[in-house]
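So this one's coords.cif, mmCIF, C-alpha atoms:
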```cif
data_start
#
loop_
_atom_site.label_atom_id
_atom_site.label_comp_id
_atom_site.auth_asym_id
_atom_site.auth_seq_id
_atom_site.Cartn_x
_atom_site.Cartn_y
_atom_site.Cartn_z
CA MET A 18 17.94 -29.77 -13.90
CA VAL A 19 17.23 -26.61 -11.90
CA SER A 20 17.66 -27.20 -8.18
CA SER A 21 15.01 -26.06 -5.74
CA VAL A 22 15.64 -22.53 -4.59
CA MET A 23 15.65 -23.78 -1.00
CA GLU A 24 18.72 -25.92 -1.75
CA SER A 25 20.64 -22.77 -2.69
CA LEU A 26 19.88 -20.88 0.51
CA ARG A 27 21.38 -20.70 3.96
CA ASP A 28 19.55 -22.12 6.96
CA GLU A 29 18.60 -18.68 8.28
CA GLU A 30 17.27 -17.65 4.86
CA ARG A 31 15.11 -20.76 4.61
CA ALA A 32 13.77 -20.11 8.10
CA LEU A 33 12.76 -16.55 7.16
CA LEU A 34 10.99 -17.72 4.03
CA GLN A 35 9.10 -20.45 5.84
CA ALA A 36 8.00 -18.02 8.56
CA HIS A 37 6.68 -15.41 6.13
CA GLY A 38 4.36 -17.18 3.72
CA PHE A 39 6.80 -18.15 0.96
CA ASP A 40 5.05 -20.19 -1.73
CA GLU A 41 7.86 -22.37 -3.06
CA ALA A 42 5.75 -23.96 -5.81
CA MET A 43 4.61 -20.59 -7.15
CA PHE A 44 8.15 -19.23 -7.03
CA ALA A 45 9.40 -22.27 -8.94
CA ARG A 46 6.90 -21.61 -11.73
CA LEU A 47 7.89 -17.94 -11.95
CA ARG A 48 11.58 -18.81 -11.93
CA ALA A 49 11.15 -21.43 -14.66
CA ARG A 50 9.36 -18.89 -16.82
CA LEU A 51 12.23 -16.44 -16.34
CA ARG A 52 14.88 -19.05 -17.17
CA SER A 53 13.04 -20.19 -20.29
CA GLY A 54 13.08 -16.69 -21.77
CA ALA A 55 9.31 -16.80 -22.16
CA TRP A 56 8.75 -13.73 -19.97
CA GLN A 57 8.54 -10.65 -22.17
CA GLU A 58 8.03 -7.00 -21.25
CA SER A 59 4.73 -7.06 -23.09
CA ASP A 60 3.47 -9.71 -20.65
CA ASN A 61 3.01 -6.96 -18.07
CA GLN A 62 0.43 -5.25 -20.26
CA VAL A 63 -3.21 -5.88 -19.50
CA ARG A 64 -5.32 -7.88 -21.92
CA GLY A 65 -8.62 -6.50 -23.15
CA GLN A 66 -10.02 -3.17 -24.35
CA VAL A 67 -8.67 -0.27 -22.29
CA GLU A 68 -10.54 3.04 -22.16
CA ARG A 69 -10.27 6.28 -20.23
CA PRO A 70 -12.64 6.58 -17.28
CA ALA A 71 -15.92 8.31 -17.95
CA PRO A 72 -16.36 11.81 -16.47
CA ASP A 73 -18.53 10.50 -13.62
CA ASP A 74 -16.23 7.55 -12.81
CA VAL A 75 -14.25 9.71 -10.39
CA GLU A 76 -16.32 11.24 -7.60
CA VAL A 77 -15.58 14.59 -5.99
CA LEU A 78 -15.75 15.40 -2.30
CA PRO A 79 -18.58 17.68 -1.20
CA ALA A 80 -17.80 21.36 -0.67
CA PRO A 81 -16.37 22.18 2.76
CA GLY A 82 -19.12 23.26 5.14
CA SER A 83 -21.91 22.00 2.89
CA VAL A 84 -24.89 20.00 4.12
CA ARG A 85 -23.62 17.01 2.18
CA GLU A 86 -20.20 17.17 3.84
CA ARG A 87 -21.81 17.34 7.27
CA GLU A 88 -23.91 14.26 6.46
CA LEU A 89 -20.84 12.24 5.48
CA HIS A 90 -18.90 13.58 8.46
CA GLU A 91 -21.55 12.36 10.88
CA ARG A 92 -21.72 8.98 9.18
CA GLY A 93 -17.95 8.60 9.46
CA MET A 94 -17.93 9.79 13.06
CA ALA A 95 -20.49 7.13 13.99
CA ALA A 96 -18.34 4.36 12.48
CA LEU A 97 -15.18 5.67 14.15
CA ARG A 98 -16.79 6.02 17.57
CA ALA A 99 -18.24 2.51 17.29
CA GLY A 100 -14.78 1.03 16.75
CA GLU A 101 -15.70 -0.19 13.27
CA VAL A 102 -12.73 1.48 11.53
CA GLY A 103 -9.07 0.53 11.61
CA ALA A 104 -5.93 2.10 10.18
CA LEU A 105 -3.97 -0.28 7.94
CA VAL A 106 -0.45 1.16 7.75
CA LEU A 107 2.10 -0.10 5.20
CA ASN A 108 5.46 -0.06 6.97
CA GLY A 109 7.28 -2.73 4.99
CA GLY A 110 10.01 -2.63 2.39
CA MET A 111 13.74 -3.05 2.86
CA ALA A 112 14.66 0.07 4.90
CA THR A 113 17.04 1.35 2.23
CA ARG A 114 15.75 4.75 1.06
CA PHE A 115 16.54 6.58 4.30
CA GLY A 116 20.15 5.44 4.58
CA GLY A 117 19.51 2.00 6.01
CA VAL A 118 17.11 3.04 8.77
CA VAL A 119 13.43 2.17 8.97
CA LYS A 120 11.58 5.14 7.53
CA GLY A 121 8.64 4.81 9.90
CA CYS A 122 11.01 5.39 12.84
CA VAL A 123 12.46 8.63 11.41
CA GLU A 124 11.55 11.80 13.28
CA VAL A 125 9.30 14.05 11.21
CA LEU A 126 8.45 16.72 13.75
CA GLU A 127 10.11 17.14 17.11
CA GLY A 128 9.61 14.00 19.17
CA CYS A 129 7.33 12.35 16.63
CA SER A 130 8.14 9.90 13.84
CA PHE A 131 6.08 8.80 10.87
CA LEU A 132 4.81 5.91 12.98
CA GLY A 133 4.14 8.28 15.86
CA MET A 134 1.91 10.37 13.63
CA LYS A 135 -0.06 7.35 12.46
CA MET A 136 -0.47 6.22 16.06
CA GLY A 137 -1.58 9.69 17.11
CA ASP A 138 -4.21 9.79 14.38
CA ALA A 139 -5.68 6.47 15.48
CA ARG A 140 -5.41 7.33 19.19
CA ALA A 141 -7.60 10.39 18.67
CA TRP A 142 -10.54 8.10 17.88
CA GLY A 143 -10.25 5.97 21.01
CA ARG A 144 -11.18 2.51 19.78
CA CYS A 145 -9.45 2.61 16.38
CA PRO A 146 -6.89 -0.20 16.05
CA VAL A 147 -3.76 0.04 13.91
CA LEU A 148 -2.98 -2.94 11.70
CA LEU A 149 0.72 -2.46 11.02
CA MET A 150 2.26 -4.33 8.09
CA ASN A 151 6.01 -4.63 8.62
CA SER A 152 8.57 -6.57 6.62
CA PHE A 153 11.25 -8.92 7.93
CA ALA A 154 13.61 -5.94 7.60
CA THR A 155 11.45 -3.43 9.49
CA ASP A 156 9.62 -5.59 12.05
CA MET A 157 12.07 -5.70 14.98
CA PRO A 158 13.25 -2.06 14.69
CA THR A 159 9.61 -0.95 14.49
CA ARG A 160 8.58 -2.89 17.60
CA ALA A 161 11.57 -1.50 19.51
CA HIS A 162 10.73 2.04 18.37
CA LEU A 163 7.12 1.78 19.50
CA GLU A 164 8.09 0.31 22.86
CA ALA A 165 10.73 3.00 23.42
CA HIS A 166 8.08 5.68 22.86
CA ASP A 167 5.30 3.93 24.81
CA TYR A 168 3.42 3.46 21.54
CA PHE A 169 3.00 7.25 21.37
CA GLY A 170 0.14 7.04 23.83
CA MET A 171 -1.67 4.29 21.93
CA ASP A 172 -2.90 1.26 23.85
CA PRO A 173 -0.51 -1.55 22.76
CA GLU A 174 -3.48 -3.92 22.66
CA GLN A 175 -4.89 -1.79 19.86
CA VAL A 176 -1.81 -2.30 17.67
CA LEU A 177 -1.90 -5.44 15.51
CA PRO A 178 1.51 -5.88 13.86
CA PHE A 179 1.99 -8.48 11.14
CA THR A 180 4.63 -9.15 8.51
CA GLN A 181 4.42 -9.24 4.76
CA ASN A 182 5.86 -12.02 2.63
CA VAL A 183 9.51 -12.66 1.83
CA SER A 184 10.97 -13.77 -1.50
CA VAL A 185 14.29 -14.45 -3.23
CA ARG A 186 16.16 -12.19 -5.63
CA LEU A 187 17.44 -13.79 -8.80
CA THR A 188 19.97 -12.89 -11.44
CA PRO A 189 18.60 -12.20 -14.93
CA GLU A 190 19.57 -15.81 -15.75
CA GLY A 191 17.44 -17.14 -12.91
CA GLU A 192 20.15 -18.01 -10.39
CA VAL A 193 19.94 -17.02 -6.73
CA PHE A 194 21.47 -13.55 -6.34
CA ARG A 195 24.33 -13.03 -3.89
CA GLY A 196 25.31 -9.40 -3.41
CA ARG A 197 28.18 -7.85 -1.49
CA ALA A 198 25.99 -6.79 1.42
CA ALA A 199 24.78 -9.34 3.93
CA GLY A 200 21.10 -10.07 3.53
CA SER A 201 20.86 -8.89 -0.08
CA THR A 202 19.39 -12.18 -1.33
CA LEU A 203 15.97 -11.84 0.29
CA TYR A 204 13.46 -9.01 -0.23
CA ALA A 205 9.94 -7.94 0.65
CA PRO A 206 7.90 -8.38 -2.55
CA GLY A 207 5.72 -5.26 -2.48
CA HIS A 208 2.34 -4.37 -1.01
CA GLY A 209 0.43 -6.76 -3.25
CA ASP A 210 0.77 -9.45 -0.59
CA VAL A 211 -1.21 -7.38 1.94
CA VAL A 212 -4.31 -9.60 1.79
CA GLU A 213 -2.31 -12.80 2.26
CA ALA A 214 -0.36 -11.24 5.12
CA LEU A 215 -3.52 -9.92 6.79
CA GLY A 216 -5.02 -13.39 6.50
CA ARG A 217 -2.40 -14.84 8.84
CA GLY A 218 -4.28 -13.51 11.85
CA ALA A 219 -4.49 -9.71 11.88
CA LEU A 220 -7.66 -9.45 9.79
CA GLN A 221 -9.44 -12.09 11.89
CA ALA A 222 -8.44 -10.27 15.09
CA PHE A 223 -9.74 -6.97 13.70
CA ARG A 224 -13.03 -8.51 12.61
CA ALA A 225 -13.46 -10.26 15.97
CA ARG A 226 -13.32 -6.84 17.66
CA GLY A 227 -16.17 -5.58 15.52
CA GLY A 228 -14.00 -4.04 12.80
CA ARG A 229 -15.74 -3.47 9.48
CA TYR A 230 -13.66 -0.95 7.51
CA LEU A 231 -9.94 -0.37 6.96
CA LEU A 232 -8.19 2.76 5.73
CA MET A 233 -4.92 1.69 4.12
CA SER A 234 -2.09 4.19 3.62
CA ASN A 235 1.69 4.29 3.31
CA VAL A 236 3.52 5.14 6.54
CA ASP A 237 5.25 8.07 4.79
CA ASN A 238 1.96 9.70 3.74
CA VAL A 239 0.93 11.13 7.11
CA LEU A 240 -1.70 13.41 5.59
CA ALA A 241 -3.85 10.40 4.68
CA ASP A 242 -5.56 10.43 8.06
CA LEU A 243 -8.83 9.00 9.37
CA ASP A 244 -10.94 11.87 8.06
CA PRO A 245 -14.60 11.23 9.01
CA VAL A 246 -15.76 12.52 5.62
CA ILE A 247 -13.58 10.00 3.77
CA VAL A 248 -14.73 7.26 6.12
CA GLY A 249 -18.39 8.28 5.91
CA ALA A 250 -18.36 8.35 2.11
CA HIS A 251 -17.05 4.79 1.98
CA VAL A 252 -19.49 3.55 4.62
CA GLU A 253 -22.40 5.07 2.69
CA ALA A 254 -21.20 3.59 -0.61
CA ALA A 255 -20.69 0.20 1.02
CA GLU A 256 -24.13 0.13 2.62
CA GLU A 257 -26.09 1.60 -0.26
CA ARG A 258 -24.19 0.40 -3.34
CA GLY A 259 -22.19 -2.60 -2.19
CA VAL A 260 -18.85 -0.86 -2.72
CA GLU A 261 -15.93 -2.85 -1.27
CA MET A 262 -12.96 -0.60 -2.09
CA SER A 263 -12.59 3.17 -2.29
CA VAL A 264 -9.54 4.57 -4.08
CA GLU A 265 -8.17 8.06 -3.45
CA VAL A 266 -6.77 9.83 -6.50
CA VAL A 267 -5.22 13.27 -6.98
CA GLN A 268 -4.52 15.53 -9.92
CA LYS A 269 -1.29 14.60 -11.70
CA LEU A 270 1.67 16.95 -11.76
CA ALA A 271 4.72 16.83 -14.02
CA GLY A 272 6.82 13.79 -13.22
CA ASP A 273 4.09 11.90 -11.33
CA GLN A 274 3.97 8.16 -11.88
CA GLY A 275 1.55 5.57 -10.62
CA GLY A 276 -1.65 3.71 -11.25
CA MET A 277 -4.66 5.39 -12.82
CA PRO A 278 -8.37 4.70 -13.09
CA ALA A 279 -9.26 3.05 -16.36
CA ARG A 280 -11.94 0.81 -17.79
CA VAL A 281 -10.78 -2.63 -18.91
CA ASP A 282 -13.47 -4.36 -20.96
CA GLY A 283 -15.88 -1.92 -19.33
CA ALA A 284 -14.83 -2.63 -15.72
CA LEU A 285 -13.44 0.31 -13.74
CA GLN A 286 -10.15 -0.43 -11.94
CA ILE A 287 -6.64 0.83 -11.18
CA LEU A 288 -4.20 0.21 -13.98
CA GLU A 289 -0.50 0.84 -13.46
CA ALA A 290 1.20 2.94 -16.13
CA PHE A 291 3.36 0.05 -17.36
CA ARG A 292 0.23 -2.08 -17.90
CA PHE A 293 -1.42 0.20 -20.45
CA PRO A 294 -1.14 -0.80 -24.11
CA LYS A 295 1.77 0.96 -25.82
CA ARG A 296 -0.60 2.89 -28.07
CA PHE A 297 -2.56 4.32 -25.12
CA ASP A 298 -1.79 7.92 -24.17
CA VAL A 299 -1.76 7.86 -20.36
CA SER A 300 -1.47 11.66 -20.27
CA THR A 301 -5.18 11.80 -21.18
CA ILE A 302 -6.02 10.57 -17.65
CA PRO A 303 -5.57 13.60 -15.36
CA VAL A 304 -5.49 11.79 -12.00
CA PHE A 305 -3.51 8.99 -10.40
CA ASN A 306 -3.78 6.65 -7.42
CA THR A 307 -2.22 7.68 -4.07
CA ASN A 308 -2.14 4.12 -2.66
CA SER A 309 -4.63 5.18 0.01
CA PHE A 310 -7.63 2.85 -0.05
CA MET A 311 -10.65 2.14 2.13
CA PHE A 312 -11.74 -1.48 2.25
CA SER A 313 -14.78 -3.21 3.57
CA ALA A 314 -12.91 -5.72 5.71
CA ALA A 315 -15.19 -8.67 4.98
CA ALA A 316 -14.26 -8.45 1.29
CA LEU A 317 -10.61 -9.13 2.14
CA GLU A 318 -11.44 -12.55 3.52
CA ARG A 319 -11.64 -13.83 -0.06
CA GLY A 320 -8.67 -15.10 -2.06
CA PHE A 321 -7.33 -13.11 -5.03
CA GLU A 322 -5.15 -14.28 -7.91
CA LEU A 323 -3.15 -11.09 -8.37
CA THR A 324 -0.75 -10.83 -11.28
CA TRP A 325 2.95 -11.46 -10.69
CA PHE A 326 5.19 -8.90 -12.43
CA MET A 327 8.86 -9.32 -13.23
CA VAL A 328 10.72 -6.24 -11.97
CA HIS A 329 14.35 -5.38 -12.77
CA LYS A 330 16.32 -3.56 -10.07
CA ARG A 331 19.89 -2.65 -9.21
CA VAL A 332 21.28 -4.08 -5.98
CA ASP A 333 24.95 -3.67 -5.00
CA GLY A 334 25.59 -2.40 -8.52
CA ALA A 335 24.21 -5.56 -10.13
CA SER A 336 21.03 -6.25 -12.09
CA VAL A 337 18.52 -8.41 -10.22
CA VAL A 338 15.04 -9.74 -10.89
CA GLN A 339 12.22 -9.56 -8.35
CA PHE A 340 8.68 -10.90 -8.62
CA GLU A 341 6.10 -8.49 -7.22
CA ARG A 342 2.35 -7.89 -7.03
CA LEU A 343 0.42 -4.64 -6.53
CA ALA A 344 -2.39 -3.98 -4.07
CA GLY A 345 -4.11 -1.70 -6.56
CA GLU A 346 -5.01 -4.72 -8.67
CA LEU A 347 -7.53 -5.66 -5.99
CA SER A 348 -9.74 -3.09 -7.74
CA ALA A 349 -10.12 -5.60 -10.58
CA TYR A 350 -11.80 -8.03 -8.15
CA LEU A 351 -13.67 -5.75 -5.75
CA LYS A 352 -16.53 -3.37 -6.44
CA THR A 353 -14.58 -0.13 -6.51
CA ARG A 354 -15.23 3.60 -6.42
CA PHE A 355 -12.74 6.41 -7.08
CA VAL A 356 -12.74 9.75 -5.29
CA GLU A 357 -10.54 12.74 -6.02
CA VAL A 358 -8.96 14.26 -2.90
CA PRO A 359 -6.90 17.46 -2.50
CA ARG A 360 -3.11 17.41 -2.73
CA SER A 361 -2.51 20.98 -1.55
CA GLY A 362 -3.61 23.14 1.34
CA VAL A 363 -4.86 22.12 4.77
CA ARG A 364 -7.12 19.41 3.31
CA SER A 365 -4.32 17.73 1.36
CA ARG A 366 -4.28 13.95 1.68
CA PHE A 367 -1.20 13.24 -0.39
CA LEU A 368 2.36 14.21 0.46
CA PRO A 369 4.58 11.11 0.32
CA ILE A 370 8.08 11.42 1.77
CA LYS A 371 10.32 9.03 -0.14
CA ARG A 372 13.75 10.56 0.62
CA ARG A 373 15.34 12.61 3.36
CA GLU A 374 15.41 15.53 0.93
CA ASP A 375 11.61 15.36 0.68
CA LEU A 376 11.35 15.51 4.45
CA ARG A 377 13.56 18.59 4.69
CA GLU A 378 11.62 20.29 1.91
CA HIS A 379 8.13 19.58 3.28
CA ARG A 380 8.61 19.52 7.07
CA ALA A 381 7.38 23.09 7.61
CA PHE A 382 4.29 22.47 5.45
CA LEU A 383 3.49 19.27 7.35
CA ALA A 384 3.81 21.10 10.66
CA ASP A 385 1.45 23.85 9.52
CA VAL A 386 -1.17 21.47 8.13
CA LEU A 387 -1.16 19.18 11.14
CA ALA A 388 -1.36 22.12 13.55
CA GLU A 389 -4.32 23.58 11.65
CA ARG A 390 -6.11 20.23 11.61
CA ALA A 391 -5.56 19.79 15.34
CA ALA A 392 -7.13 23.20 15.94
CA GLU A 393 -10.31 22.33 14.03
#
```
Starting from the coordinates I provided, produce the structure as structure tokens.
Amino acid sequence: MVSSVMESLRDEERALLQAHGFDEAMFARLRARLRSGAWQESDNQVRGQVERPAPDDVEVLPAPGSVRERELHERGMAALRAGEVGALVLNGGMATRFGGVVKGCVEVLEGCSFLGMKMGDARAWGRCPVLLMNSFATDMPTRAHLEAHDYFGMDPEQVLPFTQNVSVRLTPEGEVFRGRAAGSTLYAPGHGDVVEALGRGALQAFRARGGRYLLMSNVDNVLADLDPVIVGAHVEAAEERGVEMSVEVVQKLAGDQGGMPARVDGALQILEAFRFPKRFDVSTIPVFNTNSFMFSAAALERGFELTWFMVHKRVDGASVVQFERLAGELSAYLKTRFVEVPRSGVRSRFLPIKRREDLREHRAFLADVLAERAAE
């Protein structure tokens, strides 16, 4: 008889789970599947016929300075000025990659952190709120950081913080994991819970203020800003074609990993590399997803049965199992368009900073790009 996971946890752990949307019944089903040995690696692969995207499945941005670009720019400007657009910033995770500090609070340029840059981008548009998804590990340090810096000039009323879900790490045998470090049992289960987390109040607050569109990006990808052309293209596609989700992709370079556009039984969506059939050559798809999406906010009021994946990780030198979902799978439920964006030069929209080494390597480039954009 397998005891309830709650019976194996400390009082403070149970309190965290209950405060952050933990679905005990769902977790019990996932845990039972793990313990039974029924969960195989092949279960992560998508079912159905998988094909490369057609040549016109990925749109291209109009040429800089063209009439078409100006049209989209004006359309985006109108939505931004009207307060219809919000920045959805993913600032969750476990605060481990930057030496135990919250990455969003790390200084990128003098006097300005990753979070400061995201706030500055939104502040430039006046009425643009920031919906800030923290985790239980990043929430308090993030709030203290913003308060210490007076929200980097942003009106605090325009910042809508909310927290993602919390779950329990297991051993490969399905027992509750206890590592050497305090707090190693609980984890934030990935960005796939963004819709559930938004639904606990932040999305409703945004919609009540007249919000219609959200640009989602990782806190460490500061180049994914509220570009009026990107915004205008989504607004046009939403109004004229019913598009609910726009996905930014870039050309792949050696070593890149991530989700890619593909057709599954004819339907265009993001498919993570590990979900492709073994026989499929993923190198034939030249672009991949940057995890920067634009959503029509009303579409996120629906419920979505996203796939749970079993993920193996190393924590405190031990093998652990985590159950996670991916936000990109929303493309299987929403009417989705893909657009290729630059990853080099002043118009680059993709430069993630995952480690301190990345920050040291790219800091000068970031400074140059941001200064040039500010001068435009």
Could you expand the PyMOL selection byres ((chain A and resi 31) around 12) into the explicit residues it covers here, written as a list in words?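 With the PyMOL selection byres ((chain A and resi 31) around 12) on this model, the match is Ser21, Val22, Met23, Glu24, Ser25, Leu26, Arg27, Asp28, Glu29, Glu30, Ala32, Leu33, Leu34, Gln35, Ala36, His37, Gly38, Phe39, Asp40, Glu41, Val183, Ser184, Val185, Thr202 and Leu203 of chain A.
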I'd like the neighbourhood of stretch 226-241 of chain A as a list in words, where a residue qualifies if any of its atoms comes within 7 Å (using only C-alpha atoms), though same-chain residues fewer than 6 positions away should be ignored. Gly100, Glu101, Val102, Gly103, Ala104, Leu105, Val106, Leu107, Asn108, Gly121, Phe131, Leu132, Met134, Lys135, Asn308, Ser309, Phe310, Met311, Phe312, Ser313, Ala314, Ala315, Ser365, Arg366, Phe367, Leu368, Pro369 and Ile370 of chain A
May I have a table of the residues of stretch 178-251 of chain A lying at most 7 Å from stretch 139-155 of chain A, giving each one's closest pair of atoms and their distance in Å to one decimal, counting all atoms listed in the file, ordered by chain and ascending residue number, as JSON lines?
```
{"residue": "A:Pro178", "atom": "CA", "partner": "A:Leu149", "partner_atom": "CA", "distance": 4.5}
{"residue": "A:Phe179", "atom": "CA", "partner": "A:Met150", "partner_atom": "CA", "distance": 5.2}
{"residue": "A:Thr180", "atom": "CA", "partner": "A:Asn151", "partner_atom": "CA", "distance": 4.7}
{"residue": "A:Gln181", "atom": "CA", "partner": "A:Ser152", "partner_atom": "CA", "distance": 5.3}
{"residue": "A:Ala205", "atom": "CA", "partner": "A:Ser152", "partner_atom": "CA", "distance": 6.3}
{"residue": "A:Ala219", "atom": "CA", "partner": "A:Leu148", "partner_atom": "CA", "distance": 6.9}
```
When distances are computed from only C-alpha atoms, which of A:Ser53, A:Arg342, A:Leu317, A:Ala42 shows the smallest separation from A:Pro189? A:Ser53
Using the chain letters and numbers from this file, what does the PyMOL selection byres ((chain A and resi 303-305) around 6) select? Give the answer as an MDAnalysis selection string. chainID A and resid 266:269 276:277 302 306
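Going from atom CA of A:Ala316 to atom CA of A:Glu261 covers 6.4 Å.
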Return the single residue from A:Ala71, A:Val386, A:Leu376, A:Ala344 that is closest to A:Asp210, with distances computed using only C-alpha atoms.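 Nearest to A:Asp210: A:Ala344.
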Expected selection from the PyMOL selection byres ((chain A and resi 351) around 8), given as a list in words: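 Taken on the displayed file, the PyMOL selection byres ((chain A and resi 351) around 8) yields the residues Val260, Glu261, Met262, Ala316, Leu347, Ser348, Ala349, Tyr350, Lys352 and Thr353 of chain A.
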So, counting all atoms listed in the file, which residue among A:His166, A:Lys120, A:Arg160, A:Arg331 is closest to A:Gly137?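 Using all atoms listed in the file, A:Gly137 sits closest to A:His166.
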Take stretch 317-389 of chain A from the preceding structure and save C-alpha atoms as a CSV table (one decimal), in the first residue's frame.
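Produced file selection.csv, reproduced below:
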```csv
chain,number,residue,atom,x,y,z
A,317,LEU,CA,-5.9,31.3,-22.0
A,318,GLU,CA,-9.2,31.2,-20.1
A,319,ARG,CA,-9.8,27.7,-21.3
A,320,GLY,CA,-8.5,24.6,-19.7
A,321,PHE,CA,-5.8,22.5,-21.4
A,322,GLU,CA,-4.8,18.8,-20.7
A,323,LEU,CA,-1.1,19.2,-21.3
A,324,THR,CA,1.0,16.1,-21.3
A,325,TRP,CA,3.0,15.2,-18.2
A,326,PHE,CA,6.6,14.1,-18.9
A,327,MET,CA,8.8,12.1,-16.7
A,328,VAL,CA,12.2,13.9,-16.4
A,329,HIS,CA,15.3,12.4,-14.8
A,330,LYS,CA,17.7,14.9,-13.1
A,331,ARG,CA,20.6,14.9,-10.7
A,332,VAL,CA,20.1,16.6,-7.4
A,333,ASP,CA,22.7,16.5,-4.6
A,334,GLY,CA,24.5,13.8,-6.6
A,335,ALA,CA,21.5,11.5,-6.7
A,336,SER,CA,19.1,10.6,-9.5
A,337,VAL,CA,15.6,12.0,-9.1
A,338,VAL,CA,12.4,12.0,-11.1
A,339,GLN,CA,10.3,15.1,-11.8
A,340,PHE,CA,7.0,15.4,-13.6
A,341,GLU,CA,6.9,18.4,-15.9
A,342,ARG,CA,4.8,20.0,-18.6
A,343,LEU,CA,5.8,22.4,-21.4
A,344,ALA,CA,4.1,25.6,-22.4
A,345,GLY,CA,4.9,25.0,-26.1
A,346,GLU,CA,2.4,22.2,-26.1
A,347,LEU,CA,-0.3,24.9,-26.0
A,348,SER,CA,0.3,25.2,-29.7
A,349,ALA,CA,-1.5,21.8,-30.1
A,350,TYR,CA,-4.7,23.4,-28.7
A,351,LEU,CA,-4.6,26.9,-29.9
A,352,LYS,CA,-4.6,28.3,-33.5
A,353,THR,CA,-0.9,29.0,-33.9
A,354,ARG,CA,1.3,30.8,-36.3
A,355,PHE,CA,5.1,30.7,-36.5
A,356,VAL,CA,7.4,33.6,-37.3
A,357,GLU,CA,11.1,33.6,-37.8
A,358,VAL,CA,12.9,36.4,-35.9
A,359,PRO,CA,16.6,37.4,-36.1
A,360,ARG,CA,19.1,36.0,-33.6
A,361,SER,CA,22.0,38.4,-34.5
A,362,GLY,CA,22.5,42.1,-34.9
A,363,VAL,CA,20.5,45.0,-33.4
A,364,ARG,CA,17.2,43.3,-34.3
A,365,SER,CA,18.1,40.0,-32.5
A,366,ARG,CA,15.3,38.7,-30.3
A,367,PHE,CA,17.1,35.7,-28.9
A,368,LEU,CA,20.1,35.7,-26.6
A,369,PRO,CA,19.3,33.6,-23.5
A,370,ILE,CA,21.7,33.9,-20.5
A,371,LYS,CA,21.7,30.5,-18.7
A,372,ARG,CA,25.0,30.8,-16.9
A,373,ARG,CA,27.2,33.5,-15.5
A,374,GLU,CA,29.7,32.6,-18.2
A,375,ASP,CA,27.1,33.5,-20.8
A,376,LEU,CA,26.6,36.9,-19.2
A,377,ARG,CA,30.3,37.7,-19.2
A,378,GLU,CA,30.5,36.6,-22.8
A,379,HIS,CA,27.5,38.6,-24.1
A,380,ARG,CA,27.3,41.6,-21.8
A,381,ALA,CA,29.1,44.0,-24.2
A,382,PHE,CA,26.8,42.9,-27.1
A,383,LEU,CA,23.7,43.4,-25.0
A,384,ALA,CA,24.9,46.9,-24.0
A,385,ASP,CA,25.4,47.8,-27.7
A,386,VAL,CA,22.1,46.4,-28.9
A,387,LEU,CA,20.1,48.0,-26.1
A,388,ALA,CA,21.8,51.4,-26.6
A,389,GLU,CA,21.1,51.3,-30.3
```
